[in-house]
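Colleague: Provided below: final-v1.txt, containing compact mmCIF, C-alpha atoms.
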# COMPACT_ATOMS: atom_id res chain seq x y z
CA MET A 1 -9.56 209.43 148.10
CA ASN A 2 -9.56 205.98 146.48
CA LEU A 3 -12.50 204.37 144.69
CA VAL A 4 -13.50 202.12 147.59
CA LYS A 5 -13.65 205.00 150.07
CA THR A 6 -15.56 207.14 147.57
CA ARG A 7 -18.09 204.35 147.09
CA GLN A 8 -18.48 203.92 150.86
CA CYS A 9 -19.03 207.65 151.35
CA ILE A 10 -21.66 207.75 148.58
CA ILE A 11 -23.54 204.80 150.06
CA ALA A 12 -23.39 206.21 153.60
CA LEU A 13 -24.66 209.65 152.53
CA MET A 14 -27.50 208.33 150.37
CA SER A 15 -28.52 205.81 153.04
CA LEU A 16 -28.71 208.60 155.62
CA LEU A 17 -30.83 210.80 153.38
CA LEU A 18 -33.21 207.97 152.55
CA THR A 19 -33.66 206.82 156.16
CA LEU A 20 -34.36 210.25 157.66
CA PRO A 21 -38.14 209.78 157.19
CA LEU A 22 -37.93 206.82 159.60
CA PHE A 23 -37.85 209.18 162.56
CA ILE A 24 -41.28 210.42 161.52
CA ALA A 25 -42.78 207.20 160.14
CA GLY A 26 -43.64 205.57 163.47
CA SER A 27 -44.26 201.85 163.99
CA PRO A 28 -43.55 199.14 161.37
CA LYS A 29 -46.16 198.50 158.69
CA LYS A 30 -48.66 195.71 159.20
CA VAL A 31 -49.76 193.30 156.49
CA ASN A 32 -53.36 194.03 155.50
CA PRO A 33 -55.13 190.71 154.79
CA PHE A 34 -57.80 190.25 152.16
CA THR A 35 -60.89 188.22 153.03
CA PHE A 36 -62.00 184.70 152.09
CA ARG A 37 -63.65 181.71 153.72
CA GLN A 38 -62.32 178.21 154.13
CA PRO A 39 -62.53 175.37 153.20
CA PHE A 40 -61.21 175.45 149.64
CA LYS A 41 -62.17 173.29 146.69
CA LYS A 42 -59.56 172.57 144.01
CA LEU A 43 -60.39 173.39 140.40
CA TYR A 44 -57.05 172.41 138.84
CA GLN A 45 -53.30 172.34 139.57
CA ILE A 46 -50.32 174.08 137.92
CA PRO A 47 -46.90 172.35 138.12
CA SER A 48 -44.27 174.05 140.33
CA LEU A 49 -40.50 173.82 139.78
CA ARG A 50 -39.87 174.13 143.53
CA GLY A 51 -42.10 171.20 144.40
CA GLY A 52 -45.28 171.48 146.42
CA GLY A 53 -48.16 172.63 144.27
CA VAL A 54 -49.97 175.63 142.82
CA ASP A 55 -53.73 175.07 142.95
CA ILE A 56 -56.50 177.18 141.48
CA VAL A 57 -59.36 176.92 143.98
CA LEU A 58 -62.74 178.23 145.05
CA ASP A 59 -63.35 179.27 148.65
CA ALA A 60 -66.62 178.72 150.54
CA ASN A 61 -68.03 181.88 148.88
CA LYS A 62 -67.11 180.65 145.37
CA GLN A 63 -64.31 183.20 145.16
CA LYS A 64 -61.52 182.14 142.80
CA LEU A 65 -58.09 182.09 144.47
CA VAL A 66 -54.64 180.56 144.19
CA ILE A 67 -53.08 178.29 146.84
CA LYS A 68 -49.36 177.53 146.92
CA GLU A 69 -47.90 174.78 149.09
CA HIS A 70 -44.23 175.47 149.95
CA THR A 71 -41.64 172.79 150.59
CA SER A 72 -39.73 175.32 152.72
CA PRO A 73 -41.42 177.97 154.89
CA SER A 74 -38.77 180.48 153.77
CA TYR A 75 -40.31 180.47 150.28
CA GLY A 76 -43.73 181.30 151.65
CA VAL A 77 -42.35 184.08 153.84
CA ALA A 78 -40.48 185.59 150.87
CA GLU A 79 -43.61 185.38 148.71
CA THR A 80 -45.74 187.13 151.32
CA LEU A 81 -43.18 189.82 152.11
CA ALA A 82 -42.59 190.61 148.43
CA ALA A 83 -46.32 190.85 147.72
CA GLU A 84 -46.76 193.27 150.62
CA ILE A 85 -43.99 195.51 149.29
CA GLY A 86 -44.98 195.09 145.66
CA LYS A 87 -48.47 196.49 146.11
CA GLU A 88 -46.83 199.91 146.55
CA VAL A 89 -45.40 200.04 143.02
CA ILE A 90 -46.60 197.21 140.73
CA ASN A 91 -49.64 195.19 139.79
CA THR A 92 -49.47 191.96 141.76
CA ASN A 93 -51.69 189.64 143.78
CA GLN A 94 -52.34 189.92 147.51
CA VAL A 95 -50.93 187.10 149.60
CA GLN A 96 -51.64 185.63 153.04
CA ILE A 97 -49.46 183.01 154.72
CA PHE A 98 -50.60 180.09 156.87
CA PRO A 99 -48.64 177.66 159.05
CA PRO A 100 -48.68 173.88 158.46
CA ASN A 101 -52.22 172.48 158.77
CA GLY A 102 -53.64 176.01 158.56
CA VAL A 103 -55.38 175.53 155.21
CA VAL A 104 -58.09 172.99 154.36
CA LEU A 105 -58.24 171.89 150.71
CA ASN A 106 -60.72 169.28 149.51
CA GLY A 107 -61.45 168.33 153.09
CA LYS A 108 -57.81 167.77 154.09
CA GLN A 109 -55.33 169.97 155.93
CA ILE A 110 -52.19 170.93 153.98
CA SER A 111 -49.20 169.78 156.04
CA ASN A 112 -46.74 172.40 154.70
CA THR A 113 -46.55 176.19 154.92
CA THR A 114 -49.17 177.55 152.53
CA THR A 115 -49.87 180.89 150.90
CA VAL A 116 -53.27 182.03 149.60
CA HIS A 117 -53.24 184.51 146.71
CA THR A 118 -55.85 186.59 144.96
CA TYR A 119 -56.45 185.30 141.44
CA ILE A 120 -55.24 187.38 138.50
CA GLU A 121 -56.85 187.24 135.07
CA GLY A 122 -54.03 187.18 132.57
CA LYS A 123 -51.86 185.15 130.24
CA GLU A 124 -48.20 184.35 130.77
CA ILE A 125 -45.91 186.45 128.59
CA LYS A 126 -44.06 183.29 127.50
CA ASP A 127 -47.23 182.29 125.64
CA LYS A 128 -47.41 185.59 123.76
CA PRO A 129 -45.98 186.35 120.29
CA ASN A 130 -42.21 186.81 119.89
CA ASN A 131 -42.41 190.61 119.89
CA ILE A 132 -42.77 190.61 123.68
CA ASN A 133 -40.51 187.68 124.56
CA GLY A 134 -37.11 187.87 126.28
CA LEU A 135 -38.05 190.76 128.51
CA ILE A 136 -36.24 191.34 131.79
CA ASN A 137 -35.15 188.05 133.31
CA GLU A 138 -33.01 188.70 136.41
CA ALA A 139 -31.47 192.20 136.02
CA ILE A 140 -30.59 194.97 133.58
CA THR A 141 -27.38 193.30 132.45
CA THR A 142 -27.78 193.58 128.68
CA ARG A 143 -28.83 196.25 126.22
CA GLU A 144 -31.76 194.03 125.25
CA HIS A 145 -33.03 194.14 128.85
CA LEU A 146 -32.81 197.93 128.93
CA LYS A 147 -34.45 198.34 125.53
CA ASN A 148 -37.29 195.98 126.45
CA ILE A 149 -37.95 197.76 129.74
CA ALA A 150 -37.97 201.12 127.97
CA THR A 151 -40.20 200.18 125.04
CA LYS A 152 -42.20 196.96 125.45
CA HIS A 153 -44.74 197.88 128.15
CA PRO A 154 -45.08 200.87 130.50
CA HIS A 155 -45.31 198.65 133.60
CA LEU A 156 -41.96 196.96 132.98
CA LYS A 157 -40.00 199.86 134.47
CA ASP A 158 -41.62 199.46 137.88
CA ILE A 159 -41.45 195.66 137.71
CA ALA A 160 -37.73 195.84 136.93
CA ALA A 161 -37.08 198.24 139.81
CA PHE A 162 -39.13 196.11 142.18
CA ASN A 163 -37.24 192.92 141.28
CA ILE A 164 -33.96 194.72 141.90
CA PHE A 165 -35.22 195.94 145.27
CA ILE A 166 -36.24 192.47 146.47
CA ASN A 167 -33.36 190.76 144.62
CA ASN A 168 -35.73 188.47 142.76
CA ARG A 169 -33.66 186.35 140.38
CA ASP A 170 -36.70 184.60 138.94
CA CYS A 171 -38.41 187.31 136.90
CA ASN A 172 -38.89 185.10 133.87
CA ASN A 173 -41.64 185.55 131.31
CA GLY A 174 -43.74 182.86 132.98
CA ASN A 175 -44.00 185.14 136.03
CA LEU A 176 -45.39 188.07 134.06
CA LEU A 177 -49.12 188.01 133.33
CA LEU A 178 -50.78 190.27 130.77
CA ASN A 179 -54.48 191.05 130.92
CA GLU A 180 -55.24 191.67 127.26
CA LYS A 181 -58.55 193.39 127.99
CA THR A 182 -57.06 196.06 130.27
CA ASN A 183 -53.41 195.89 129.04
CA GLN A 184 -52.37 195.60 132.70
CA LEU A 185 -49.10 193.72 133.28
CA TYR A 186 -48.73 191.81 136.56
CA GLY A 187 -45.68 190.43 138.32
CA ILE A 188 -46.18 187.20 140.30
CA ASP A 189 -44.23 184.43 142.09
CA PHE A 190 -41.63 186.05 144.32
CA ALA A 191 -40.63 182.98 146.35
CA SER A 192 -37.02 183.37 145.17
CA ALA A 193 -36.71 186.90 146.60
CA PHE A 194 -34.58 187.88 149.60
CA ILE A 195 -32.33 184.81 149.40
CA PRO A 196 -29.05 185.71 151.18
CA LEU A 197 -26.05 185.50 148.85
CA SER A 198 -22.42 184.90 149.73
CA HIS A 199 -21.13 187.74 147.53
CA SER A 200 -22.66 191.20 147.15
CA SER A 201 -21.55 191.21 143.50
CA ASP A 202 -24.26 188.60 142.84
CA LEU A 203 -27.04 190.97 143.89
CA LEU A 204 -29.18 192.25 141.03
CA ALA A 205 -28.48 195.84 142.09
CA ALA A 206 -24.72 195.26 141.84
CA ARG A 207 -24.97 193.44 138.51
CA THR A 208 -27.18 196.18 137.08
CA CYS A 209 -24.80 198.86 138.35
CA ASN A 210 -21.79 197.12 136.79
CA TYR A 211 -23.52 196.97 133.43
CA LEU A 212 -24.69 200.59 133.49
CA GLN A 213 -21.16 201.75 134.30
CA SER A 214 -20.11 200.40 130.90
CA LEU A 215 -22.53 202.74 129.09
CA ASN A 216 -22.31 206.37 128.04
CA LYS A 217 -25.32 208.66 127.90
CA GLU A 218 -24.68 209.28 124.18
CA GLU A 219 -25.44 205.59 123.55
CA LEU A 220 -28.87 205.76 125.17
CA SER A 221 -32.14 206.52 123.43
CA PRO A 222 -34.54 209.07 124.94
CA GLU A 223 -36.81 206.15 125.93
CA GLU A 224 -33.96 204.40 127.74
CA ILE A 225 -32.99 207.57 129.63
CA LYS A 226 -36.62 208.06 130.66
CA ALA A 227 -36.80 204.42 131.79
CA LEU A 228 -33.66 204.74 133.93
CA LYS A 229 -35.03 207.90 135.56
CA HIS A 230 -38.23 206.06 136.39
CA ILE A 231 -36.38 203.03 137.78
CA LYS A 232 -34.29 205.31 139.99
CA GLN A 233 -37.39 207.08 141.31
CA THR A 234 -39.11 203.76 142.08
CA LEU A 235 -36.03 202.43 143.88
CA GLU A 236 -35.85 205.60 145.95
CA THR A 237 -39.54 205.34 146.81
CA LEU A 238 -39.15 201.73 147.98
CA SER A 239 -35.97 202.57 149.90
CA ASN A 240 -37.82 205.32 151.76
CA GLN A 241 -40.77 203.12 152.60
CA TYR A 242 -38.85 199.92 153.37
CA PRO A 243 -35.35 200.58 154.74
CA PRO A 244 -33.48 197.52 156.07
CA THR A 245 -34.77 197.66 159.66
CA GLU A 246 -38.38 197.99 158.54
CA LEU A 247 -37.93 195.23 155.98
CA TYR A 248 -36.33 192.87 158.49
CA ASN A 249 -39.03 193.49 161.11
CA LEU A 250 -41.71 192.72 158.54
CA TRP A 251 -39.87 189.50 157.61
CA VAL A 252 -39.85 188.50 161.29
CA ASP A 253 -43.58 189.25 161.67
CA ILE A 254 -44.49 187.19 158.61
CA SER A 255 -42.24 184.34 159.78
CA LYS A 256 -44.18 184.28 163.07
CA GLN A 257 -47.48 184.09 161.17
CA ALA A 258 -46.13 180.99 159.42
CA HIS A 259 -44.84 179.48 162.72
CA TYR A 260 -41.41 179.60 161.09
CA ASN A 261 -38.57 179.87 163.60
CA PRO A 262 -35.29 180.46 161.75
CA ASN A 263 -32.14 179.96 163.80
CA SER A 264 -29.89 182.86 164.81
CA SER A 265 -27.47 182.36 161.92
CA THR A 266 -30.34 182.50 159.40
CA GLN A 267 -31.68 185.65 161.04
CA GLU A 268 -28.25 187.27 160.96
CA ALA A 269 -27.73 186.30 157.32
CA MET A 270 -31.10 187.78 156.36
CA SER A 271 -30.46 191.03 158.25
CA GLN A 272 -27.02 191.42 156.73
CA SER A 273 -28.30 190.59 153.25
CA MET A 274 -31.05 193.21 153.48
CA ASN A 275 -28.55 195.84 154.61
CA THR A 276 -26.09 194.95 151.86
CA ASN A 277 -28.78 195.00 149.19
CA PHE A 278 -30.00 198.38 150.44
CA ASN A 279 -26.47 199.80 150.15
CA GLU A 280 -26.02 198.41 146.65
CA ILE A 281 -29.32 199.99 145.61
CA GLN A 282 -28.12 203.40 146.83
CA TYR A 283 -24.95 202.98 144.81
CA LEU A 284 -27.01 201.97 141.77
CA CYS A 285 -29.19 205.09 142.12
CA TYR A 286 -26.05 207.21 142.31
CA HIS A 287 -24.70 205.73 139.07
CA ILE A 288 -28.01 206.03 137.26
CA ASN A 289 -28.00 209.70 138.19
CA ARG A 290 -24.45 210.11 136.91
CA LEU A 291 -25.34 208.34 133.68
CA ILE A 292 -28.46 210.33 132.80
CA LYS A 293 -27.66 213.80 134.11
CA ASN A 294 -26.52 216.68 131.84
CA PRO A 295 -23.12 217.90 133.03
CA LEU A 296 -22.02 221.21 131.50
CA SER A 297 -18.77 220.85 129.62
CA ILE A 298 -16.54 223.85 128.80
CA LYS A 299 -17.38 223.31 125.15
CA SER A 300 -21.13 223.42 125.78
CA VAL A 301 -20.78 226.52 127.96
CA PHE A 302 -19.03 228.45 125.18
CA LYS A 303 -21.40 227.07 122.57
CA ASN A 304 -24.45 228.29 124.49
CA MET A 305 -23.04 231.71 125.37
CA ALA A 306 -24.75 234.61 123.62
CA ARG A 307 -22.63 236.29 120.96
CA PRO A 308 -22.06 240.05 121.48
CA SER A 309 -23.64 242.48 119.04
CA GLU A 310 -21.49 243.86 116.21
CA GLU A 311 -21.52 247.30 117.88
CA ALA A 312 -20.31 245.87 121.17
CA GLU A 313 -17.60 243.84 119.42
CA GLN A 314 -16.36 246.88 117.47
CA GLY A 315 -16.38 248.99 120.63
CA PHE A 316 -14.30 246.33 122.41
CA TRP A 317 -11.60 246.34 119.72
CA GLN A 318 -11.55 250.16 119.56
CA THR A 319 -10.96 250.22 123.31
CA MET A 320 -8.15 247.69 122.96
CA ASN A 321 -6.50 249.81 120.25
I'd like the structure from this file rewritten - as structure tokens, please.

Modeller:
Amino acid sequence: MNLVKTRQCIIALMSLLLTLPLFIAGSPKKVNPFTFRQPFKKLYQIPSLRGGGVDIVLDANKQKLVIKEHTSPSYGVAETLAAEIGKEVINTNQVQIFPPNGVVLNGKQISNTTTVHTYIEGKEIKDKPNNINGLINEAITTREHLKNIATKHPHLKDIAAFNIFINNRDCNNGNLLLNEKTNQLYGIDFASAFIPLSHSSDLLAARTCNYLQSLNKEELSPEEIKALKHIKQTLETLSNQYPPTELYNLWVDISKQAHYNPNSSTQEAMSQSMNTNFNEIQYLCYHINRLIKNPLSIKSVFKNMARPSEEAEQGFWQTMN
């Protein structure tokens, strides 16, 4: 059997095992909204690279929140979907999405798709000392990434796994917030997640898998092995809870909330991308398992065998003579 067929068989088997709980799970999950009251009053604004704006606001009850105006509704849908999934495994803010003119800020309706986020107390990692910089941007494609995930902060393992699961290519240090009082690390800003790619090799799961295939277990520290085990477990948990069909249906539901009507080609591309990413994640889990497991070599078997007693050894040779 060639490598391609072997890979396909591995993906098919692992996908089947992970989707079996679907027959018991029932109907798709619903997004649970948090509560607030409009209108909103702006406190200050944070610049956004994607345009629109990120405003820190107070609602009618003086609750501090974050409002993001999206130049494309697809960004808002991705942000909301990722936040809904992320609450299962990482510290992140809750998000609700609103259609154009659905949010009132400073007495005016916002004309674009808007998301409202719970406010997180924390400081961006990029503003912290150098000993925590250069963490896990994009994927585990360098030894530095793996070392940082294993040693810098206990929450990085789940954040790394989550970003692989949603294919978030924007996990820079500005999107990691640290609450110094509680030492809680938060992941935020997932508007770049779930973007369909033309080549599966560009997916974070595939890139991470390719890098890990270049490593041997002997090269890894105990902390790195523990981190990879944890990442694999988190990916399996997310795969069980959000297989492609469930994920796609949730994307459709959130799109409807935003009054976003993607055309058939966009829907097909999203569905195919979610399926492809799911398959790559199963393949990644398989290779993590191969990398960190303890296969018994012939040498180790003989090394660990109990030596016979001197009496038994002498008796054996007497019998042979």

Colleague: Check the smallest atom-to-atom distance from each of A:Phe194, A:Tyr75, A:Tyr260, A:Tyr242 to Pro100 (chain A) using all atoms listed in the file, then report the winner.

Modeller: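 Under the stated criterion, the closest residue is A:Tyr260.
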
Colleague: For CA of Ile254 (chain A) and CA of Asp170 (chain A), quote the distance in Å rounded to one decimal.

Modeller: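 Computing the Euclidean distance for CA of Ile254 (chain A) and CA of Asp170 (chain A) yields 21.3 Å.
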
Colleague: What is the distance, in Å and to one decimal place, between CA of Gly122 (chain A) and CA of Thr35 (chain A)?

Modeller: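 Calculated distance between CA of Gly122 (chain A) and CA of Thr35 (chain A) is 21.6 Å.
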
Colleague: Excluding Ile90 (chain A) and its own-chain neighbours fewer than 2 positions away, which residues fall within 8 Å of it when counting all atoms listed in the file? Please give them as a list of chain:residue names.

Modeller: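 With the cut-off at 8 Å, the set is A:Gly86, A:Lys87, A:Glu88, A:Thr92, A:His155, A:Asp158, A:Ile159, A:Phe162, A:Tyr186, A:Gly187.
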
Colleague: What gap, in Å, lies between CA of His259 (chain A) and CA of Pro39 (chain A)?

Modeller: 20.5 Å

Colleague: Between A:Asn91, A:Val104, A:Ala83, A:Glu268, which has the minimum distance to Asp59 (chain A) (counting only C-alpha atoms)?

Modeller: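 Once distances to Asp59 (chain A) are computed over only C-alpha atoms, the minimum belongs to A:Val104.
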
Colleague: Considering only C-alpha atoms, return as a compact mmCIF listing (two decimals) with C-alpha atoms, in the frame of the given file whatever protein or nucleic-acid residues lie within 12 Å of Ser214 (chain A), sequence-local ones (same chain, fewer than 2 positions apart) excluded.

Modeller:
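Output (around-v1.txt):
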# COMPACT_ATOMS: atom_id res chain seq x y z
CA THR A 141 -27.38 193.30 132.45
CA THR A 142 -27.78 193.58 128.68
CA ARG A 143 -28.83 196.25 126.22
CA ARG A 207 -24.97 193.44 138.51
CA THR A 208 -27.18 196.18 137.08
CA CYS A 209 -24.80 198.86 138.35
CA ASN A 210 -21.79 197.12 136.79
CA TYR A 211 -23.52 196.97 133.43
CA LEU A 212 -24.69 200.59 133.49
CA ASN A 216 -22.31 206.37 128.04
CA LYS A 217 -25.32 208.66 127.90
CA GLU A 219 -25.44 205.59 123.55
CA LEU A 220 -28.87 205.76 125.17
CA HIS A 287 -24.70 205.73 139.07
CA ILE A 288 -28.01 206.03 137.26
CA LEU A 291 -25.34 208.34 133.68

Colleague: Need to verify the contact set: Asn275 (chain A), 12 Å, only C-alpha atoms, exclusion of same-chain residues closer than 4 positions in sequence. Can you return it as a list in words?

Modeller: Ile11, Ala12, Ser15, Phe165, Ile166, Phe194, Pro196, Ser200, Leu203, Ser239, Tyr242, Pro243, Pro244, Thr245, Glu246, Leu247, Tyr248, Glu268, Ala269, Met270, Ser271, Asn279, Glu280, Ile281 and Gln282 of chain A

Colleague: Can region 214-237 of chain A be brought up to N, CA and C atoms and written out as a PDB file, in the coordinates of the input?

Modeller:
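Result written to selection35.pdb:
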ATOM      1  N   SER A 214     -20.778 200.599 132.194  1.00  0.00           N
ATOM      2  CA  SER A 214     -20.110 200.400 130.900  1.00  0.00           C
ATOM      3  C   SER A 214     -20.734 201.241 129.794  1.00  0.00           C
ATOM      4  N   LEU A 215     -21.819 201.961 130.096  1.00  0.00           N
ATOM      5  CA  LEU A 215     -22.530 202.740 129.090  1.00  0.00           C
ATOM      6  C   LEU A 215     -22.205 204.220 129.184  1.00  0.00           C
ATOM      7  N   ASN A 216     -22.377 204.915 128.081  1.00  0.00           N
ATOM      8  CA  ASN A 216     -22.310 206.370 128.040  1.00  0.00           C
ATOM      9  C   ASN A 216     -23.694 206.904 127.680  1.00  0.00           C
ATOM     10  N   LYS A 217     -23.992 208.097 128.158  1.00  0.00           N
ATOM     11  CA  LYS A 217     -25.320 208.660 127.900  1.00  0.00           C
ATOM     12  C   LYS A 217     -25.576 208.805 126.407  1.00  0.00           C
ATOM     13  N   GLU A 218     -24.522 209.091 125.625  1.00  0.00           N
ATOM     14  CA  GLU A 218     -24.680 209.280 124.180  1.00  0.00           C
ATOM     15  C   GLU A 218     -25.202 208.018 123.502  1.00  0.00           C
ATOM     16  N   GLU A 219     -24.980 206.854 124.131  1.00  0.00           N
ATOM     17  CA  GLU A 219     -25.440 205.590 123.550  1.00  0.00           C
ATOM     18  C   GLU A 219     -26.925 205.358 123.784  1.00  0.00           C
ATOM     19  N   LEU A 220     -27.514 206.051 124.738  1.00  0.00           N
ATOM     20  CA  LEU A 220     -28.870 205.760 125.170  1.00  0.00           C
ATOM     21  C   LEU A 220     -29.909 206.524 124.349  1.00  0.00           C
ATOM     22  N   SER A 221     -31.023 205.855 124.098  1.00  0.00           N
ATOM     23  CA  SER A 221     -32.140 206.520 123.430  1.00  0.00           C
ATOM     24  C   SER A 221     -32.910 207.342 124.457  1.00  0.00           C
ATOM     25  N   PRO A 222     -33.715 208.303 123.995  1.00  0.00           N
ATOM     26  CA  PRO A 222     -34.540 209.070 124.940  1.00  0.00           C
ATOM     27  C   PRO A 222     -35.438 208.168 125.790  1.00  0.00           C
ATOM     28  N   GLU A 223     -35.965 207.084 125.186  1.00  0.00           N
ATOM     29  CA  GLU A 223     -36.810 206.150 125.930  1.00  0.00           C
ATOM     30  C   GLU A 223     -36.027 205.446 127.029  1.00  0.00           C
ATOM     31  N   GLU A 224     -34.784 205.086 126.744  1.00  0.00           N
ATOM     32  CA  GLU A 224     -33.960 204.400 127.740  1.00  0.00           C
ATOM     33  C   GLU A 224     -33.582 205.333 128.889  1.00  0.00           C
ATOM     34  N   ILE A 225     -33.294 206.593 128.575  1.00  0.00           N
ATOM     35  CA  ILE A 225     -32.990 207.570 129.630  1.00  0.00           C
ATOM     36  C   ILE A 225     -34.214 207.782 130.517  1.00  0.00           C
ATOM     37  N   LYS A 226     -35.379 207.896 129.899  1.00  0.00           N
ATOM     38  CA  LYS A 226     -36.620 208.060 130.660  1.00  0.00           C
ATOM     39  C   LYS A 226     -36.877 206.840 131.548  1.00  0.00           C
ATOM     40  N   ALA A 227     -36.596 205.652 131.019  1.00  0.00           N
ATOM     41  CA  ALA A 227     -36.800 204.420 131.790  1.00  0.00           C
ATOM     42  C   ALA A 227     -35.874 204.370 133.001  1.00  0.00           C
ATOM     43  N   LEU A 228     -34.613 204.746 132.819  1.00  0.00           N
ATOM     44  CA  LEU A 228     -33.660 204.740 133.930  1.00  0.00           C
ATOM     45  C   LEU A 228     -34.055 205.749 135.005  1.00  0.00           C
ATOM     46  N   LYS A 229     -34.541 206.910 134.587  1.00  0.00           N
ATOM     47  CA  LYS A 229     -35.030 207.900 135.560  1.00  0.00           C
ATOM     48  C   LYS A 229     -36.167 207.322 136.382  1.00  0.00           C
ATOM     49  N   HIS A 230     -37.075 206.640 135.703  1.00  0.00           N
ATOM     50  CA  HIS A 230     -38.230 206.060 136.390  1.00  0.00           C
ATOM     51  C   HIS A 230     -37.796 204.960 137.350  1.00  0.00           C
ATOM     52  N   ILE A 231     -36.882 204.115 136.926  1.00  0.00           N
ATOM     53  CA  ILE A 231     -36.380 203.030 137.780  1.00  0.00           C
ATOM     54  C   ILE A 231     -35.717 203.612 139.028  1.00  0.00           C
ATOM     55  N   LYS A 232     -34.931 204.656 138.850  1.00  0.00           N
ATOM     56  CA  LYS A 232     -34.290 205.310 139.990  1.00  0.00           C
ATOM     57  C   LYS A 232     -35.324 205.860 140.963  1.00  0.00           C
ATOM     58  N   GLN A 233     -36.348 206.520 140.449  1.00  0.00           N
ATOM     59  CA  GLN A 233     -37.390 207.080 141.310  1.00  0.00           C
ATOM     60  C   GLN A 233     -38.128 205.984 142.081  1.00  0.00           C
ATOM     61  N   THR A 234     -38.408 204.864 141.413  1.00  0.00           N
ATOM     62  CA  THR A 234     -39.110 203.760 142.080  1.00  0.00           C
ATOM     63  C   THR A 234     -38.225 203.139 143.156  1.00  0.00           C
ATOM     64  N   LEU A 235     -36.947 202.970 142.877  1.00  0.00           N
ATOM     65  CA  LEU A 235     -36.030 202.430 143.880  1.00  0.00           C
ATOM     66  C   LEU A 235     -35.924 203.353 145.089  1.00  0.00           C
ATOM     67  N   GLU A 236     -35.908 204.652 144.844  1.00  0.00           N
ATOM     68  CA  GLU A 236     -35.850 205.600 145.950  1.00  0.00           C
ATOM     69  C   GLU A 236     -37.135 205.575 146.775  1.00  0.00           C
ATOM     70  N   THR A 237     -38.270 205.437 146.106  1.00  0.00           N
ATOM     71  CA  THR A 237     -39.540 205.340 146.810  1.00  0.00           C
ATOM     72  C   THR A 237     -39.572 204.110 147.720  1.00  0.00           C
TER      73      THR A 237
END
